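Inspection log for the structure reproduced underneath, given as structure tokens.
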There are 2 protein chains.
Amino acid sequence: MATRTPSSQRTGTRGLIPEEAGRQRAVIDAVLPVVDAGRFAVKAIAGEPVHVQANCFTDGHDVLRVMLCWRAEADATSQEVEMKLDSNDEWLASFTPEAPGRYFYSAVAWVDHFESWRHELTRRVDEEDIRIAALVGAELIEDAAKRAKSTDKAELKSWAKQLRKPHSDTQTLKALALDENQAAVARRHPDRQQAVHFPIELPLVADRERARYSSWYELFPRSASSQPGQHGTFKDVEARLPYVAEMGFDVLYFPPIHPIGREKRKGRNNALSTEPGDVGSPWAIGSLEGGHKDLLPELGTWEDFRSLVSKAHELGQEIAMDIAFQCAPDHPYVKTHPEWFRWRPDGTVQYAENPPKKYQDIYPFNFETEDWRALWLELKSVFDHWISEGVTIFRVDNPHTKAFPFWEWAITTIKRDHPEVLFLAEAFTRPKVMHRLAKLGYSQSYTYFTWRNTKQELTEYFTELSQGPGKDYFRPNVWPNTPDILSEHLHAGGRAVFALRLVLAATLSASYGIYGPAYELLDSAPRGPGSEEYLNSEKYQLRHWGDWDVARPDSLAPLIAKVNGIRRDNPALQSNHSLRFFHTDNDQLIAYSKQTAQQTADGQNTILVIVNLDPHNPQSGWVTLDADTLKLEPTSQYEVHDLLSDQRFTWQGWRNFVILDPKQTPAHVFRLRKRVQDERHFDNFA
Amino acid sequence: MATRTPSSQRTGTRGLIPEEAGRQRAVIDAVLPVVDAGRFAVKAIAGEPVHVQANCFTDGHDVLRVMLCWRAEADATSQEVEMKLDSNDEWLASFTPEAPGRYFYSAVAWVDHFESWRHELTRRVDEEDIRIAALVGAELIEDAAKRAKSTDKAELKSWAKQLRKPHSDTQTLKALALDENQAAVARRHPDRQQAVHFPIELPLVADRERARYSSWYELFPRSASSQPGQHGTFKDVEARLPYVAEMGFDVLYFPPIHPIGREKRKGRNNALSTEPGDVGSPWAIGSLEGGHKDLLPELGTWEDFRSLVSKAHELGQEIAMDIAFQCAPDHPYVKTHPEWFRWRPDGTVQYAENPPKKYQDIYPFNFETEDWRALWLELKSVFDHWISEGVTIFRVDNPHTKAFPFWEWAITTIKRDHPEVLFLAEAFTRPKVMHRLAKLGYSQSYTYFTWRNTKQELTEYFTELSQGPGKDYFRPNVWPNTPDILSEHLHAGGRAVFALRLVLAATLSASYGIYGPAYELLDSAPRGPGSEEYLNSEKYQLRHWGDWDVARPDSLAPLIAKVNGIRRDNPALQSNHSLRFFHTDNDQLIAYSKQTAQQTADGQNTILVIVNLDPHNPQSGWVTLDADTLKLEPTSQYEVHDLLSDQRFTWQGWRNFVILDPKQTPAHVFRLRKRVQDERHFDNFA
């Protein structure tokens, strides 16, 4: 980390007159965005501009020049971009990290005597003042000439000479002094001797686009067989790829695919003992057949796996691996590296617990082992192994139960060699812990969406996610269900609740995922009343989902395909920063918009979503749009085109009426277009 | 500044396995309060507790111990206070800086295996688990014994021995293992090998109480004579001290009292030429008679000045000096240190300007001079000079037109030798500049109060001042008028507007001031329509205020005395952090409360202020108190005792009706007391 102690900081507290900073009158009070004063990296997307703000000023009325400085990690020197004063001492500029990787940015500012002189001269009217100012300017320009070379040098010298000539007409003299072309030459040679450097180079990680916008589909390969009772294979999954692709998912995520422990193996529905043929939990990793770098033989060969990865890529899907750093009691590590586990006086290892859950089939690593360096290297080598097999996305299981320093080191080190690799933190835990993991380097993070159901809950939570302090480093990935969580909300709402939660997830968050086919086939049976566990969970047994890739009348697959298609066609839905909620007079109706940030050739893509949160009854009410957000006038006419139903309506002004019947549709997903002047057609918002 | 680069930071970006941090599983995500990541000091008051929060957690379910560490600047080692987990991973503790000065605080945290073991054991029911846990505990206790000495050592050894004995009754064994007295011994000897230190020691400046709570009165000594036309003297001011003291002010502030330049001296009403007898602007400092360390001879001798300082102290008042670092053209510095000024090609110095204001009688210093070190030392010696004369408060004129690095160095250095000295920044400028000056060390700051008049303006601004990001370092000092600013609001509202602005200033802000006797004698004549300049301003001429210290029927002095008395008697009004605004259904009525932070023996002091912002008409309406803030129930009965009128009313619940006639009183300043159980009398809020 390129951090220098600011000289003024040394000054302030030691009481000695500073060595050098005394004449540095420019102040850089802040550079934004920033995470914990530069301790952690801001996150951005390669190829997209990073908008930087520097709060700069000086004493008195002199004029500053401010430069944004930025570099890729490997570059020794920074590039500079001139910053422009916006308002309230805020200077703005942007830079674009072209490739994924780590970058640094900072700012430099100085009191510019040439600009100050020009600025002051514009206000001068007194003839004598103008004559004196011309001489002052000549001095400054001669100084600039000393710093310039060749043509610029000659030009500046000549300009200064003209200013030194006696002029009877001070208006001519003033115009000469304020000549814009000459000024442009002088600006190229500023006096930066007293330039102030912001003391910290702020780190930034640029990821590829999928870090910002991704649609995940989780499935258990072992349940992919078309034959009931038969263990699924990678080949079976390969046959399902078109089905997943047609639904529009671009990340296909597997629970662990490694050998599963036989000791203390769990039976169906988390039973402590097994029946013959029980396949155990994929998260109880390791057996005599191998560990984290090996494949469960029942799933197939390395060749099969490689073929699957390759076919998935062809269909626009990436395979995301589950990394669960824990071991079944018969994992090879337990024998070869007993020092990586915490042994009790009775010669046993305490199994993992997440009260009230008990994982008798799982040993945690002891991150306090004296052999921690070897442990870290071995765990990192697990990632490296799968990266070498073409895997570029990792969903990390319970990262909050492994030592935090490990993650920062592992993610940073891996991304240095493989900046394209993404990490999703599966941490459903306390907010500060989840934020810390994001700061340490996780590209995406699980969220509380699974338990946020009411309008108020959703509004508060997604406002926090999109506008709150985490917006520069915490990228939400929201899941209506996971193999661990069949939220109570889904138990009794029927197909309608699955549909509305899908639309919410896919439109509130640029990244979302479902655990299927449980989701699209509407599996809503909990292990017991009020339980969040699935009955007959795939965590402990094979499931046969029937002909899931053949159209079933009640399947959500067509809706999901439509929604993912809308996401793909509408860039507004591919990021979260523009999310804004609107007032509705019915608490069962939630309304929000997303817009693309900047005008493009196509105008501004604007999506307005209205969801009926009640899966049982039609709900209607008035939606009041925010005039500022959507730049609407009371008389604005605009087309709202429901991309789900393909219906088009013409709306006017801020308040409009909607009615949504859950039997027909969970939501309106409107694209908004304003009526253009000839009144014959509509166009995107400009 | 005691700053260490965190080792995990080195880890994160270099990619090497860290040397030492690998096993440090505790995380300290933040320590609060903090200003710019410790770049600047948090402000506090000596003798009052500083409440520190550390956001700490670890992976998994282990238990942390967290210590607040703090020290005075001169101390080599820190003291530790155990922090307690509040909620949401926030740990709290406080320390009290007993004397004014500079302090540092930080936090240290570690995963405590002894506490984790106890915590886990409380949940164990399985007999075998309890037996194993006893052996695990015995090991931990033996480790603690190794770190202990004498009695503790023996006690811990014996405890471990008991735990290792075979126990048939595991309930007895569990009770023995959880013994609270023994645990207290073990806690004294924790294993801190893997303790994590927050990487920054955060600086804090503790000031004396007057930094938080002060009442300022500004007067021109030269106008203090009882004889019209006669130049006032320090002796005249001394005669006025009882008048100022009776009004309840504790800081008496003088504009500059130094020799005034004769070159380019300004005439009355800022005229460019003088008439015989014109006294010039006190801010045009310096003449053949001396400079910033000298007294204007007309005001009296050093003996007179010292007598005045001493008499003021006897009456509970401190003298605040105006420090204006600028020079009249005939200031001695201009001859002895021409290198401290910026000379133009015509051999002149550009006078000071603050567009559109021009100060032809004033030269600014050139802080970019190559001789800046000598300039800094000389300017600091001005403060030192007046401190040696017993002055302990400085109001600094336009600090934002002098180089910022100078202020940080000067204030820090001066306060190291004289921690009791306070600095008030007279900077009416852009928000970020004002905040920077506060961060650099100013104890108090001028504000925009002077131009905030409506309910919405006042509510937003004072909410920002009391709750916003500046609350830990920016202490507002609000002025309804200054010699430079007769705000337009005061021009036409008569006595009532002066009264209401006084009450607002004195109750919204713990520190406030007025420029008198212009204020209490209701001087409302501007130099021209819409001008903020006073007609016949004392800045350029003597004023004779008549017998200002003799009661005049229209004088505000009795009201001011009453308000300052209320401030003195009610600690709620002596700080700003508790300020909360309440809804009223009339925009001319503003309502707000202040409360003391903690329960004391006297209960909680609670003040509710309701001001009629309309100086012309009676206004009435319903005030809705906030139940949370005041801990009111709908049925709560409480006494509101108007400390201005001495009237008492009994109110019930949240909504109550008020009517205020500006001809009678500008405001209610209620002390609230709840009806106590026997219903015969009221008591302070508990």
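A note on labels: chains of the structure tokens are A, B, ... as shown, every chain counts residues from 1, and ligands are counted from 1 in their shown order.
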Surrounding residues of segment 237-243 of chain B excluding itself and chain neighbours under 5 positions, 12 Å, only C-alpha atoms, as a ChimeraX atom specification: /B:217-226,231-232,248-254,299-300,304-319,516-517,520,547-551,557-558,560-561
What parts of segment 287-517 of chain B does DSSP call alpha helix (DSSP H)? I'd like the answer as a PyMOL selection string. chain B and resi 302-314+332-336+372-388+404-417+431-440+455-467+494-508
Now that the selection is made, can you save its residues with C-alpha atoms as a PDB file, in the first residue's frame?
```pdb
ATOM      1  CA  TRP B 302      -0.157  48.229  30.218  1.00  0.00           C
ATOM      2  CA  GLU B 303      -0.983  48.813  33.839  1.00  0.00           C
ATOM      3  CA  ASP B 304      -4.533  49.777  32.859  1.00  0.00           C
ATOM      4  CA  PHE B 305      -4.855  46.720  30.650  1.00  0.00           C
ATOM      5  CA  ARG B 306      -3.613  44.379  33.347  1.00  0.00           C
ATOM      6  CA  SER B 307      -5.956  45.920  35.870  1.00  0.00           C
ATOM      7  CA  LEU B 308      -8.856  45.391  33.470  1.00  0.00           C
ATOM      8  CA  VAL B 309      -7.943  41.733  32.884  1.00  0.00           C
ATOM      9  CA  SER B 310      -7.666  41.176  36.584  1.00  0.00           C
ATOM     10  CA  LYS B 311     -10.962  42.947  37.468  1.00  0.00           C
ATOM     11  CA  ALA B 312     -12.748  41.023  34.731  1.00  0.00           C
ATOM     12  CA  HIS B 313     -11.514  37.760  36.226  1.00  0.00           C
ATOM     13  CA  GLU B 314     -12.821  38.822  39.622  1.00  0.00           C
ATOM     14  CA  PRO B 332       6.580  48.271  11.605  1.00  0.00           C
ATOM     15  CA  TYR B 333       6.691  44.828   9.914  1.00  0.00           C
ATOM     16  CA  VAL B 334       6.338  46.434   6.487  1.00  0.00           C
ATOM     17  CA  LYS B 335       9.710  48.134   6.964  1.00  0.00           C
ATOM     18  CA  THR B 336      11.480  45.531   9.083  1.00  0.00           C
ATOM     19  CA  TRP B 372       7.817  31.729   6.055  1.00  0.00           C
ATOM     20  CA  ARG B 373       9.487  30.095   9.038  1.00  0.00           C
ATOM     21  CA  ALA B 374      10.359  33.465  10.550  1.00  0.00           C
ATOM     22  CA  LEU B 375       6.862  34.747   9.750  1.00  0.00           C
ATOM     23  CA  TRP B 376       5.252  31.755  11.498  1.00  0.00           C
ATOM     24  CA  LEU B 377       7.419  32.161  14.571  1.00  0.00           C
ATOM     25  CA  GLU B 378       6.685  35.864  14.782  1.00  0.00           C
ATOM     26  CA  LEU B 379       2.925  35.351  14.432  1.00  0.00           C
ATOM     27  CA  LYS B 380       2.949  32.652  17.083  1.00  0.00           C
ATOM     28  CA  SER B 381       4.875  35.000  19.368  1.00  0.00           C
ATOM     29  CA  VAL B 382       1.920  37.408  19.154  1.00  0.00           C
ATOM     30  CA  PHE B 383      -0.285  34.799  20.840  1.00  0.00           C
ATOM     31  CA  ASP B 384       2.456  34.034  23.360  1.00  0.00           C
ATOM     32  CA  HIS B 385       2.759  37.701  24.173  1.00  0.00           C
ATOM     33  CA  TRP B 386      -0.919  38.097  25.061  1.00  0.00           C
ATOM     34  CA  ILE B 387      -1.025  34.785  26.901  1.00  0.00           C
ATOM     35  CA  SER B 388       1.762  36.138  29.097  1.00  0.00           C
ATOM     36  CA  PHE B 404      -4.078  26.470   6.766  1.00  0.00           C
ATOM     37  CA  PRO B 405      -0.844  24.642   7.681  1.00  0.00           C
ATOM     38  CA  PHE B 406       0.086  27.621   9.826  1.00  0.00           C
ATOM     39  CA  TRP B 407      -3.026  27.274  11.990  1.00  0.00           C
ATOM     40  CA  GLU B 408      -2.534  23.610  12.680  1.00  0.00           C
ATOM     41  CA  TRP B 409       1.030  24.187  13.727  1.00  0.00           C
ATOM     42  CA  ALA B 410       0.327  27.345  15.729  1.00  0.00           C
ATOM     43  CA  ILE B 411      -2.720  26.098  17.648  1.00  0.00           C
ATOM     44  CA  THR B 412      -1.209  22.700  18.392  1.00  0.00           C
ATOM     45  CA  THR B 413       2.054  24.193  19.536  1.00  0.00           C
ATOM     46  CA  ILE B 414       0.430  26.867  21.691  1.00  0.00           C
ATOM     47  CA  LYS B 415      -1.980  24.409  23.294  1.00  0.00           C
ATOM     48  CA  ARG B 416       0.876  22.081  24.161  1.00  0.00           C
ATOM     49  CA  ASP B 417       2.255  24.743  26.503  1.00  0.00           C
ATOM     50  CA  PRO B 431     -18.812  24.973   4.735  1.00  0.00           C
ATOM     51  CA  LYS B 432     -15.836  22.748   3.982  1.00  0.00           C
ATOM     52  CA  VAL B 433     -13.424  25.586   4.745  1.00  0.00           C
ATOM     53  CA  MET B 434     -15.085  26.288   8.083  1.00  0.00           C
ATOM     54  CA  HIS B 435     -14.978  22.610   8.952  1.00  0.00           C
ATOM     55  CA  ARG B 436     -11.319  22.346   8.032  1.00  0.00           C
ATOM     56  CA  LEU B 437     -10.437  25.169  10.429  1.00  0.00           C
ATOM     57  CA  ALA B 438     -12.297  23.362  13.193  1.00  0.00           C
ATOM     58  CA  LYS B 439     -10.429  20.162  12.392  1.00  0.00           C
ATOM     59  CA  LEU B 440      -7.099  21.999  12.422  1.00  0.00           C
ATOM     60  CA  LYS B 455     -38.257  27.375  11.089  1.00  0.00           C
ATOM     61  CA  GLN B 456     -37.012  25.108   8.335  1.00  0.00           C
ATOM     62  CA  GLU B 457     -33.653  26.873   8.055  1.00  0.00           C
ATOM     63  CA  LEU B 458     -33.074  26.787  11.792  1.00  0.00           C
ATOM     64  CA  THR B 459     -34.196  23.185  12.149  1.00  0.00           C
ATOM     65  CA  GLU B 460     -32.005  21.899   9.337  1.00  0.00           C
ATOM     66  CA  TYR B 461     -28.968  23.914  10.338  1.00  0.00           C
ATOM     67  CA  PHE B 462     -28.996  23.156  14.041  1.00  0.00           C
ATOM     68  CA  THR B 463     -29.763  19.500  13.421  1.00  0.00           C
ATOM     69  CA  GLU B 464     -26.670  19.424  11.225  1.00  0.00           C
ATOM     70  CA  LEU B 465     -24.577  21.262  13.827  1.00  0.00           C
ATOM     71  CA  SER B 466     -25.655  19.036  16.710  1.00  0.00           C
ATOM     72  CA  GLN B 467     -25.947  15.651  14.965  1.00  0.00           C
ATOM     73  CA  GLY B 494     -38.129  46.266  16.294  1.00  0.00           C
ATOM     74  CA  ARG B 495     -37.332  45.145  19.808  1.00  0.00           C
ATOM     75  CA  ALA B 496     -39.229  41.897  19.306  1.00  0.00           C
ATOM     76  CA  VAL B 497     -36.881  40.596  16.632  1.00  0.00           C
ATOM     77  CA  PHE B 498     -33.851  41.367  18.784  1.00  0.00           C
ATOM     78  CA  ALA B 499     -35.495  39.520  21.659  1.00  0.00           C
ATOM     79  CA  LEU B 500     -36.398  36.435  19.674  1.00  0.00           C
ATOM     80  CA  ARG B 501     -33.010  36.179  17.982  1.00  0.00           C
ATOM     81  CA  LEU B 502     -31.374  36.465  21.399  1.00  0.00           C
ATOM     82  CA  VAL B 503     -33.468  33.623  22.803  1.00  0.00           C
ATOM     83  CA  LEU B 504     -32.792  31.470  19.735  1.00  0.00           C
ATOM     84  CA  ALA B 505     -29.039  32.038  19.932  1.00  0.00           C
ATOM     85  CA  ALA B 506     -28.852  31.433  23.670  1.00  0.00           C
ATOM     86  CA  THR B 507     -30.943  28.260  23.700  1.00  0.00           C
ATOM     87  CA  LEU B 508     -30.064  26.644  20.360  1.00  0.00           C
TER      88      LEU B 508
END
```
Do a neighbour search on Asn398 of chain A at 8 Å with only C-alpha atoms, toss out local chain neighbours closer than 4 positions, and write the hits as a list in words.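 Neighbouring residues, sequence-local ones excluded: Ala324, Lys402, Ala425, Glu426, Ala427 and Phe428 of chain A.
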So that I can check the surroundings of Leu579 of chain B, please list as a list in words every protein, DNA and RNA residue that reaches within 6 Å of it, counting only C-alpha atoms and ignoring chain neighbours fewer than 2 positions away.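 These residues fall inside the cut-off: Asn576, His577, Ser593 and Lys594 of chain B.
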Backbone-only DSSP, strand (DSSP E) members of segment 122-348 of chain B, as a short mmCIF file (atom, residue, chain, number, x, y, z; two decimals) with all heavy atoms, in the first residue's frame:
```
data_model
loop_
_atom_site.label_atom_id
_atom_site.label_comp_id
_atom_site.auth_asym_id
_atom_site.auth_seq_id
_atom_site.Cartn_x
_atom_site.Cartn_y
_atom_site.Cartn_z
N VAL B 196 -5.10 -8.16 18.83
CA VAL B 196 -5.06 -7.26 17.68
C VAL B 196 -5.16 -5.83 18.20
O VAL B 196 -6.06 -5.50 18.97
CB VAL B 196 -6.26 -7.54 16.75
CG1 VAL B 196 -6.41 -6.44 15.70
CG2 VAL B 196 -6.09 -8.89 16.08
N HIS B 197 -4.22 -5.01 17.78
CA HIS B 197 -4.27 -3.59 18.16
C HIS B 197 -4.85 -2.79 17.01
O HIS B 197 -4.42 -2.95 15.87
CB HIS B 197 -2.86 -3.08 18.48
CG HIS B 197 -2.27 -3.72 19.69
ND1 HIS B 197 -2.25 -3.10 20.92
CD2 HIS B 197 -1.72 -4.94 19.88
CE1 HIS B 197 -1.70 -3.91 21.81
NE2 HIS B 197 -1.36 -5.03 21.21
N LEU B 202 -6.07 7.28 18.11
CA LEU B 202 -6.88 8.42 17.71
C LEU B 202 -6.62 9.60 18.64
O LEU B 202 -6.65 9.44 19.86
CB LEU B 202 -8.36 8.04 17.73
CG LEU B 202 -8.73 6.88 16.81
CD1 LEU B 202 -10.19 6.48 17.01
CD2 LEU B 202 -8.48 7.24 15.36
N PRO B 203 -6.38 10.77 18.07
CA PRO B 203 -6.10 11.92 18.93
C PRO B 203 -7.37 12.59 19.43
O PRO B 203 -8.42 12.55 18.77
CB PRO B 203 -5.33 12.86 18.00
CG PRO B 203 -5.81 12.52 16.62
CD PRO B 203 -6.22 11.08 16.64
N LEU B 204 -7.26 13.17 20.59
CA LEU B 204 -8.39 13.87 21.22
C LEU B 204 -7.84 15.09 21.94
O LEU B 204 -6.78 15.00 22.58
CB LEU B 204 -9.10 12.93 22.19
CG LEU B 204 -10.24 13.51 23.04
CD1 LEU B 204 -11.37 12.48 23.15
CD2 LEU B 204 -9.78 13.89 24.44
N VAL B 205 -8.54 16.20 21.81
CA VAL B 205 -8.17 17.39 22.56
C VAL B 205 -9.22 17.63 23.62
O VAL B 205 -10.41 17.76 23.30
CB VAL B 205 -8.04 18.62 21.64
CG1 VAL B 205 -7.98 19.90 22.46
CG2 VAL B 205 -6.80 18.49 20.77
N ALA B 206 -8.80 17.65 24.87
CA ALA B 206 -9.71 17.98 25.96
C ALA B 206 -9.52 19.45 26.30
O ALA B 206 -8.40 19.89 26.57
CB ALA B 206 -9.43 17.10 27.18
N ASP B 207 -10.61 20.18 26.24
CA ASP B 207 -10.58 21.60 26.59
C ASP B 207 -11.26 21.80 27.93
O ASP B 207 -11.94 20.91 28.44
CB ASP B 207 -11.31 22.42 25.53
CG ASP B 207 -10.53 22.54 24.23
OD1 ASP B 207 -9.34 22.88 24.30
OD2 ASP B 207 -11.12 22.29 23.16
N SER B 214 -20.28 28.94 26.67
CA SER B 214 -19.74 30.28 26.89
C SER B 214 -20.71 31.32 26.36
O SER B 214 -21.48 31.06 25.45
CB SER B 214 -18.38 30.43 26.17
OG SER B 214 -18.52 30.14 24.79
N SER B 215 -20.68 32.47 26.99
CA SER B 215 -21.58 33.58 26.62
C SER B 215 -20.70 34.81 26.40
O SER B 215 -20.06 35.30 27.32
CB SER B 215 -22.57 33.86 27.75
OG SER B 215 -23.15 32.64 28.23
N TRP B 216 -20.68 35.26 25.15
CA TRP B 216 -19.72 36.29 24.76
C TRP B 216 -20.39 37.65 24.62
O TRP B 216 -21.51 37.76 24.14
CB TRP B 216 -19.10 35.94 23.41
CG TRP B 216 -18.20 34.73 23.40
CD1 TRP B 216 -18.50 33.48 23.85
CD2 TRP B 216 -16.87 34.67 22.88
NE1 TRP B 216 -17.43 32.64 23.64
CE2 TRP B 216 -16.42 33.34 23.04
CE3 TRP B 216 -16.00 35.61 22.28
CZ2 TRP B 216 -15.14 32.94 22.62
CZ3 TRP B 216 -14.75 35.20 21.87
CH2 TRP B 216 -14.32 33.88 22.06
N TYR B 217 -19.64 38.66 25.00
CA TYR B 217 -20.09 40.05 24.81
C TYR B 217 -18.94 40.81 24.15
O TYR B 217 -17.83 40.83 24.67
CB TYR B 217 -20.46 40.67 26.15
CG TYR B 217 -21.10 42.04 26.03
CD1 TYR B 217 -22.45 42.17 25.70
CD2 TYR B 217 -20.36 43.20 26.27
CE1 TYR B 217 -23.04 43.42 25.59
CE2 TYR B 217 -20.95 44.45 26.17
CZ TYR B 217 -22.29 44.56 25.83
OH TYR B 217 -22.88 45.80 25.73
N GLU B 218 -19.22 41.36 22.99
CA GLU B 218 -18.20 42.11 22.26
C GLU B 218 -18.46 43.60 22.41
O GLU B 218 -19.60 44.06 22.25
CB GLU B 218 -18.25 41.74 20.77
CG GLU B 218 -17.33 42.59 19.90
CD GLU B 218 -17.29 42.14 18.44
OE1 GLU B 218 -18.07 41.25 18.07
OE2 GLU B 218 -16.46 42.70 17.68
N VAL B 251 -17.44 35.92 28.73
CA VAL B 251 -16.30 36.27 27.87
C VAL B 251 -16.54 37.68 27.36
O VAL B 251 -17.59 37.97 26.77
CB VAL B 251 -16.17 35.31 26.67
CG1 VAL B 251 -14.96 35.71 25.81
CG2 VAL B 251 -16.04 33.86 27.13
N LEU B 252 -15.58 38.54 27.60
CA LEU B 252 -15.66 39.92 27.12
C LEU B 252 -14.63 40.07 26.02
O LEU B 252 -13.43 39.93 26.25
CB LEU B 252 -15.38 40.89 28.27
CG LEU B 252 -15.37 42.38 27.92
CD1 LEU B 252 -16.69 42.82 27.31
CD2 LEU B 252 -15.05 43.20 29.15
N TYR B 253 -15.12 40.33 24.83
CA TYR B 253 -14.24 40.27 23.65
C TYR B 253 -14.08 41.66 23.05
O TYR B 253 -15.04 42.36 22.79
CB TYR B 253 -14.81 39.24 22.66
CG TYR B 253 -14.52 39.53 21.22
CD1 TYR B 253 -13.22 39.78 20.78
CD2 TYR B 253 -15.55 39.55 20.28
CE1 TYR B 253 -12.97 40.06 19.45
CE2 TYR B 253 -15.31 39.83 18.96
CZ TYR B 253 -14.01 40.10 18.55
OH TYR B 253 -13.77 40.39 17.24
N PHE B 254 -12.80 42.02 22.83
CA PHE B 254 -12.47 43.31 22.24
C PHE B 254 -11.98 43.15 20.80
O PHE B 254 -11.12 42.31 20.54
CB PHE B 254 -11.31 43.97 22.99
CG PHE B 254 -11.56 44.22 24.44
CD1 PHE B 254 -10.52 44.11 25.36
CD2 PHE B 254 -12.82 44.58 24.90
CE1 PHE B 254 -10.73 44.35 26.70
CE2 PHE B 254 -13.02 44.83 26.25
CZ PHE B 254 -11.98 44.70 27.16
N GLU B 318 -13.66 36.50 31.27
CA GLU B 318 -12.35 36.43 30.64
C GLU B 318 -12.31 37.43 29.51
O GLU B 318 -13.31 37.63 28.82
CB GLU B 318 -12.11 35.06 30.04
CG GLU B 318 -11.71 34.02 31.03
CD GLU B 318 -11.54 32.68 30.32
OE1 GLU B 318 -10.54 32.50 29.61
OE2 GLU B 318 -12.43 31.84 30.47
N ILE B 319 -11.14 38.03 29.28
CA ILE B 319 -10.98 38.91 28.13
C ILE B 319 -10.57 38.06 26.93
O ILE B 319 -9.63 37.26 27.01
CB ILE B 319 -9.87 39.96 28.40
CG1 ILE B 319 -10.21 40.78 29.65
CG2 ILE B 319 -9.67 40.85 27.18
CD1 ILE B 319 -11.51 41.52 29.59
N ALA B 320 -11.30 38.18 25.82
CA ALA B 320 -10.91 37.53 24.57
C ALA B 320 -10.33 38.58 23.65
O ALA B 320 -10.92 39.64 23.44
CB ALA B 320 -12.10 36.86 23.91
N MET B 321 -9.15 38.27 23.11
CA MET B 321 -8.46 39.20 22.20
C MET B 321 -8.80 38.86 20.77
O MET B 321 -8.94 37.70 20.41
CB MET B 321 -6.95 39.05 22.36
CG MET B 321 -6.39 39.60 23.60
SD MET B 321 -6.11 41.38 23.44
CE MET B 321 -4.93 41.38 22.09
N ASP B 322 -8.85 39.88 19.96
CA ASP B 322 -9.00 39.69 18.52
C ASP B 322 -7.61 39.60 17.90
O ASP B 322 -6.79 40.48 18.11
CB ASP B 322 -9.77 40.89 17.95
CG ASP B 322 -10.28 40.65 16.55
OD1 ASP B 322 -9.58 39.98 15.77
OD2 ASP B 322 -11.39 41.12 16.25
N ILE B 323 -7.35 38.51 17.19
CA ILE B 323 -6.07 38.37 16.50
C ILE B 323 -6.33 38.48 15.01
O ILE B 323 -6.97 37.61 14.41
CB ILE B 323 -5.41 37.02 16.84
CG1 ILE B 323 -5.09 36.94 18.33
CG2 ILE B 323 -4.15 36.83 15.99
CD1 ILE B 323 -4.02 37.88 18.82
N GLN B 326 -2.72 40.89 9.90
CA GLN B 326 -2.66 41.76 8.73
C GLN B 326 -2.09 43.08 9.22
O GLN B 326 -2.04 43.33 10.42
CB GLN B 326 -4.06 41.95 8.15
CG GLN B 326 -5.02 42.47 9.20
CD GLN B 326 -6.48 42.22 8.84
OE1 GLN B 326 -6.80 41.33 8.08
NE2 GLN B 326 -7.36 43.03 9.42
N CYS B 327 -1.68 43.91 8.30
CA CYS B 327 -0.95 45.11 8.70
C CYS B 327 -1.45 46.35 7.97
O CYS B 327 -1.72 46.30 6.76
CB CYS B 327 0.54 44.95 8.36
SG CYS B 327 1.32 43.60 9.24
#
```
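Look at Ile362 of chain B: the protein and nucleic acid residues within 6 Å of it, using only C-alpha atoms and passing over chain neighbours fewer than 4 places away, are Ala284, Cys327, Ala328, Tyr351 and Ala352 of chain B.
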Nearest-residue call for Tyr540 of chain B, choices B:Ala667, B:Leu288, B:Ile260, B:Ala403, using only C-alpha atoms: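 With only C-alpha atoms as the atom set, the closest residue is B:Ile260.
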Can you pull out every residue within 10 Å of Ala99 of chain A, counting only C-alpha atoms, but drop anything in the same chain fewer than 5 positions away, and send it as a ChimeraX atom specification? /A:45-48,72,206-208,419-420
Only C-alpha atoms, please: the residues just picked out, written as a short mmCIF file (atom, residue, chain, number, x, y, z; two decimals), in the first residue's frame.
```cif
data_model
loop_
_atom_site.label_atom_id
_atom_site.label_comp_id
_atom_site.auth_asym_id
_atom_site.auth_seq_id
_atom_site.Cartn_x
_atom_site.Cartn_y
_atom_site.Cartn_z
CA ILE A 45 -16.04 -2.43 -13.15
CA ALA A 46 -13.34 -2.57 -15.80
CA GLY A 47 -14.21 -0.44 -18.79
CA GLU A 48 -16.57 1.80 -16.83
CA ALA A 72 -2.75 0.38 -12.34
CA ALA A 206 -11.86 -3.31 -11.02
CA ASP A 207 -13.79 -6.48 -11.75
CA ARG A 208 -15.30 -7.73 -14.93
CA PRO A 419 -8.05 -10.61 -11.76
CA GLU A 420 -11.04 -12.14 -13.55
#
```
